[in-house]
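Engineer: Right, I'll just put the structure down here and ask away after.
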Amino acid sequence: NILLFAPGLLLLLLQACPLIEVIICLGICASIQLVLGAPFLLTFPVEYLRKAFELDRVFFYKWTVNWKFISEEVFVGKPMSTVLLILHLEFLAIFCFKWIKGQREQQQQQQQQSEANAETSPEKKSSKVLLTPEYIACTLFIANFIGIAFARTLHYQFYSWYFHAIPMLLWWSGTFPVWLRVVIWGAIEYAFNIFPATPNSSAVLQIAHVLVLISIASMRVPIVAATVDDDTDDKSEGLKAKAD
C-alpha cells in the first residue's frame with residue numbers, strides 16, 4: 001500500500017527539489033528495488049514482476065469490507081476495476097491541480113511581500129524556502145486516502161493504512177461541524193468492526209469515505225513553504241561551531 005503515497009511524494013519532490021535532484025531520488029528508489037529483487041529478476045523475471053503487482057488479480061468477494069452492497073458479479077467484473085482506476089486518477093489530477101494552483105498563489109503573495117520588505121530593508125539577505133511539515137503530511141495523507149477511497153477492495157487489516165489520517169483530514173478541512181466530523185470518524189470505525197461485513201456496513205463505510213472526499217475537496221491548501229532567512233542559518237552554524 002506504500003505505493004498509494006507515491007503520487008503525493010512525487011509532487012512534494014517536484015515542488016521542493018530541482019528536476020535533476022528529483023531524478024536522482026527516483027533513481028535511488030528504483031535501484032534499491034532492483035538490488036533487493038535481483039535474485040528473482042535474474043531467475044524468474046516475468047513471474048516475479050507479475051506477482052509483485054498482480055494488476056489482474058481477482059479478489060474474494062466474501063472478504064471485502066467496502067463493496068458488500070453490490071453483487072459478486074459486479075464486484076469481480078472488469079468494468080468496475082476500470083471505473084475505479086479512472087476515478088482514482090481523476091481525483092489525483094484534481095488534487096494536484098488544486099495544490100499547484102495554491103502554491104502559485106502563495107508564491108505570488110510571498111513575492112509581493114518580499115518586494116515590499118526589500119523597499120524597507122534593501123540590505124536584507126536572501127532567504128531559503130522549505131516545505132512546511134503540515135503541507136508535507138497533508139499531501140501524503142490525501143494521496144493515500146484517495147487510493148483507499150477508490151480501492152477495488154478493502155480487507156480488515158487495511159484499516160491500518162489510514163486510520164491515523166482520518167481525524168487529521170477531517171479537522172484540517174473544517175468543512176463540517178465538529179459533531180459531523182466525529183460521526184464520520186465513528187462510522188468508519190464502526191464499519192471495520194463489523195465481521196463479517198454486511199451490505200449496510202459497507203454502505204456506511206463508503207458514505208463516510210465520500211464525505212471525507214468532499215471535506216478534502218473543500219479544504220484550503222495548507223501553507224506550502226516557510227521562508228528561512230540566511231541570517232538564521234548563519235546563527236545556527238555559529239552556535240553549532242561553538243558547541244563543537
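Numbering starts fresh at 1 for the residues of each chain in the C-alpha cells, the chains themselves are lettered A, B, ... in the order given, and ligands are numbered from 1 as they appear.
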Can I get the residues of region 143-180 of chain A within 10 Å of region 58-72 of chain A, each with the closest pair of atoms and their distance in Å to one decimal, using only C-alpha atoms, sorted chain first then ascending number, as CSV?
Structural biologist:
```
residue,atom,partner,partner_atom,distance
A:Ala149,CA,A:Asn66,CA,9.1
A:Phe150,CA,A:Asn66,CA,9.8
A:Ala151,CA,A:Asn66,CA,8.7
A:Arg152,CA,A:Phe59,CA,8.2
A:Thr153,CA,A:Thr64,CA,5.5
A:Leu154,CA,A:Val65,CA,5.4
A:His155,CA,A:Thr64,CA,5.5
A:Tyr156,CA,A:Val65,CA,6.8
A:Phe158,CA,A:Val65,CA,9.6
A:Tyr159,CA,A:Val65,CA,10.0
```
Engineer: Restricted to C-alpha atoms, what would the selected residues look like written as a PDB file, in the first residue's frame?
Structural biologist:
```pdb
ATOM      1  CA  ALA A 149     -11.464   5.516  -1.335  1.00  0.00           C
ATOM      2  CA  PHE A 150     -11.234   4.012  -4.839  1.00  0.00           C
ATOM      3  CA  ALA A 151      -9.654   0.698  -3.882  1.00  0.00           C
ATOM      4  CA  ARG A 152     -11.002  -2.410  -5.591  1.00  0.00           C
ATOM      5  CA  THR A 153     -11.414  -3.931  -2.161  1.00  0.00           C
ATOM      6  CA  LEU A 154     -10.526  -3.276   1.457  1.00  0.00           C
ATOM      7  CA  HIS A 155      -9.869  -6.024   3.957  1.00  0.00           C
ATOM      8  CA  TYR A 156      -9.915  -5.593   7.712  1.00  0.00           C
ATOM      9  CA  PHE A 158      -6.145  -2.473   5.518  1.00  0.00           C
ATOM     10  CA  TYR A 159      -7.607  -0.133   8.128  1.00  0.00           C
TER      11      TYR A 159
END
```
Engineer: Tell me, as a list of chain:residue names, which residues lie within 9 Å of region 96-102 of chain A, counting only C-alpha atoms; anything in the same chain fewer than 4 positions away does not count.
Structural biologist: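 Those residues are A:Pro7, A:Gly8, A:Leu11, A:Gln15, A:Phe91, A:Leu92, A:Gln106, A:Gln107, A:Thr139, A:Ala217, A:Arg220, A:Val221, A:Pro222, A:Ile223, A:Val224.
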Engineer: From the set A:Arg57, A:Gln112, A:Ala38, A:Ile2, which residue has the shortest atom-to-atom contact distance to Ser81 (chain A), counting only C-alpha atoms?
Structural biologist: A:Arg57
Engineer: Residues at most 12 Å from Met168 (chain A), counting only C-alpha atoms, excluding those fewer than 6 positions away in the same chain, as a ChimeraX atom specification?
Structural biologist: /A:134,137-142,145,162,174,181-182,185,212,215-216,219
Engineer: Check the DSSP output for the backbone and give back, as a ChimeraX atom specification, the residues of region 10-228 of chain A in strand (DSSP E or B).
Structural biologist: /A:127-131,225-228
Engineer: Kindly give the distance, in Å, that separates CA of Ala225 (chain A) and CA of Thr132 (chain A), rounded to a single decimal.
Structural biologist: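 Rounded to one decimal, the two atoms are 5.2 Å apart.
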Engineer: Running DSSP on the backbone, which parts of region 116-205 of chain A land in alpha helix (DSSP H), as a PyMOL selection string?
Structural biologist: chain A and resi 116-120+133-149+166-173+178-191+199-205
